[in-house]
Amino acid sequence: MVSIQKTVKAEGKAMGKEPVFKTPYEKAAGAYVAIMGVIALLIPADVLQTYPWAVAFTDFMAARVPQIELITSLGIRPELNRFYYSVLWAMSPGLFVLCCLMGWEGRQRTYPFWSLPFRKAVFLALVLGAILFATANMGWMTNTGNGVLRFILSNRFGMGYLGNIAYVAAPVMAASGIMNLIIGWLSGEIPRHIQLHAAGER
């Protein structure tokens with residue numbers, strides 16, 4: 001009896017809980033978001049006054065990403081937020097590539113969108129597009145009296161994690177989702193998975 005209990009416990013430990021990030025791409029994306037969060041803690045509050053190059057850098061990024069100018073115009077630690085979100089958007093192509101690879105690799109792990117019918121895929125693409133537009137243009141939060149907004153933009157932990165995810169990581173992931181849907185249909189991978197899924201249900 002004792003040996004059976006030991007065996008069961010050993011098997012339980014061996015199985016354990018499934019990790020949140022299972023693949024190298026998922027781990028890399030998670031590490032990326034975490035590192036960008038740590039960077040928020042290290043930026044000097046007067047970065048634009050101390051480093052002239054930072055002004056040119058943020059102006060360059062703000063001319064290409066409307067969200068940066070919108071965040072600055074709210075007047076909540078404008079210098080720090082302007083620089084931080086410029087850094088996030090400058091690094092976002094790397095996250096976009098990671099998310100695209102993560103989604104593409106997901107076809108081997110039966111990610112749900114790989115077997116979505118065309119109508120549902122179009123609906124998902126529209127939803128992701130709406131998320132991308134709304135977060136990039138801050139259409140969902142511009143009231144400076146809002147406590148959540150003030151926490152995100154005035155607190156370094158808030159901007160480093162909540163702001164990082166809500167304002168940059170979310171739209172980048174949405175864009176990668178749209179890209180994977182397009183590539184999935186053009187390459188024939190999604191139609192193939194739909195057929196395999198239908199055959200498996202029979």
# chains A, B, ... in the order shown; residues from 1 in each chain; ligands from 1
>>> residues_around(residues="Asn180 (chain A)", least_positions_apart="2", cutoff="8 Å", atoms="only C-alpha atoms", output="NGL selection string")
:A and (100 or 103-104 or 176-178 or 182-184)
>>> write_last_selection(atoms="C-alpha atoms", output="PDB file, in the first residue's frame")
ATOM      1  CA  CYS A 100       3.916  35.621 -35.785  1.00  0.00           C
ATOM      2  CA  GLY A 103       1.125  31.673 -33.960  1.00  0.00           C
ATOM      3  CA  TRP A 104       2.567  29.819 -36.957  1.00  0.00           C
ATOM      4  CA  SER A 176       0.384  39.270 -35.683  1.00  0.00           C
ATOM      5  CA  GLY A 177      -2.921  37.408 -35.345  1.00  0.00           C
ATOM      6  CA  ILE A 178      -4.250  39.107 -38.483  1.00  0.00           C
ATOM      7  CA  ILE A 182      -3.937  35.896 -43.846  1.00  0.00           C
ATOM      8  CA  ILE A 183      -0.912  33.623 -44.287  1.00  0.00           C
ATOM      9  CA  GLY A 184      -2.896  30.643 -42.995  1.00  0.00           C
TER      10      GLY A 184
END
>>> residues_around(residues="region 118-133 of chain A", least_positions_apart="3", cutoff="8 Å", atoms="only C-alpha atoms", output="ChimeraX atom specification")
/A:113,136-137,170-172,174-175,177-178,181
>>> atom_distance(atom1="CA of Gly94 (chain A)", atom2="CA of Ile39 (chain A)")
15.9 Å
>>> closest_atom_pairs(of="region 66-125 of chain A", to="region 148-151 of chain A", cutoff="10 Å", atoms="only C-alpha atoms", output="JSON lines")
{"residue": "A:Leu74", "atom": "CA", "partner": "A:Arg150", "partner_atom": "CA", "distance": 9.8}
{"residue": "A:Ile76", "atom": "CA", "partner": "A:Arg150", "partner_atom": "CA", "distance": 7.2}
{"residue": "A:Arg77", "atom": "CA", "partner": "A:Arg150", "partner_atom": "CA", "distance": 9.7}
>>> residues_around(residues="region 58-63 of chain A", least_positions_apart="2", cutoff="8 Å", atoms="only C-alpha atoms", output="number ranges by chain")
A: 54-56, 65-69, 82-83, 86, 89-90
>>> select_by_dssp(residues="region 79-126 of chain A", states="alpha helix (DSSP H)", output="number ranges by chain")
A: 79-105, 118-126
>>> residues_around(residues="Phe157 (chain A)", least_positions_apart="2", cutoff="12 Å", atoms="only C-alpha atoms", output="list in words")
Ala34, Met36, Gly37, Val38, Ile39, Ala40, Leu41, Leu42, Arg150, Phe151, Ile152, Leu153, Ser154, Asn155, Met159, Gly160, Tyr161, Leu162, Gly163, Asn164 and Ile165 of chain A
>>> closest_atom_pairs(of="region 64-129 of chain A", to="region 25-32 of chain A", cutoff="9 Å", atoms="only C-alpha atoms", output="Markdown table")
| residue | atom | partner | partner_atom | distance |
| --- | --- | --- | --- | --- |
| A:Gly94 | CA | A:Tyr32 | CA | 8.9 |
| A:Leu95 | CA | A:Ala29 | CA | 6.6 |
| A:Leu98 | CA | A:Tyr25 | CA | 6.1 |
| A:Cys99 | CA | A:Ala29 | CA | 7.0 |
| A:Leu101 | CA | A:Tyr25 | CA | 6.8 |
| A:Met102 | CA | A:Tyr25 | CA | 5.2 |
| A:Gly103 | CA | A:Tyr25 | CA | 9.0 |
| A:Glu105 | CA | A:Tyr25 | CA | 8.4 |
>>> closest_residue(among="A:Leu186, A:Gly147, A:His193, A:Val33", to="Leu88 (chain A)", atoms="only C-alpha atoms")
A:Val33
>>> atom_distance(atom1="CA of Trp53 (chain A)", atom2="CA of Pro78 (chain A)")
16.9 Å
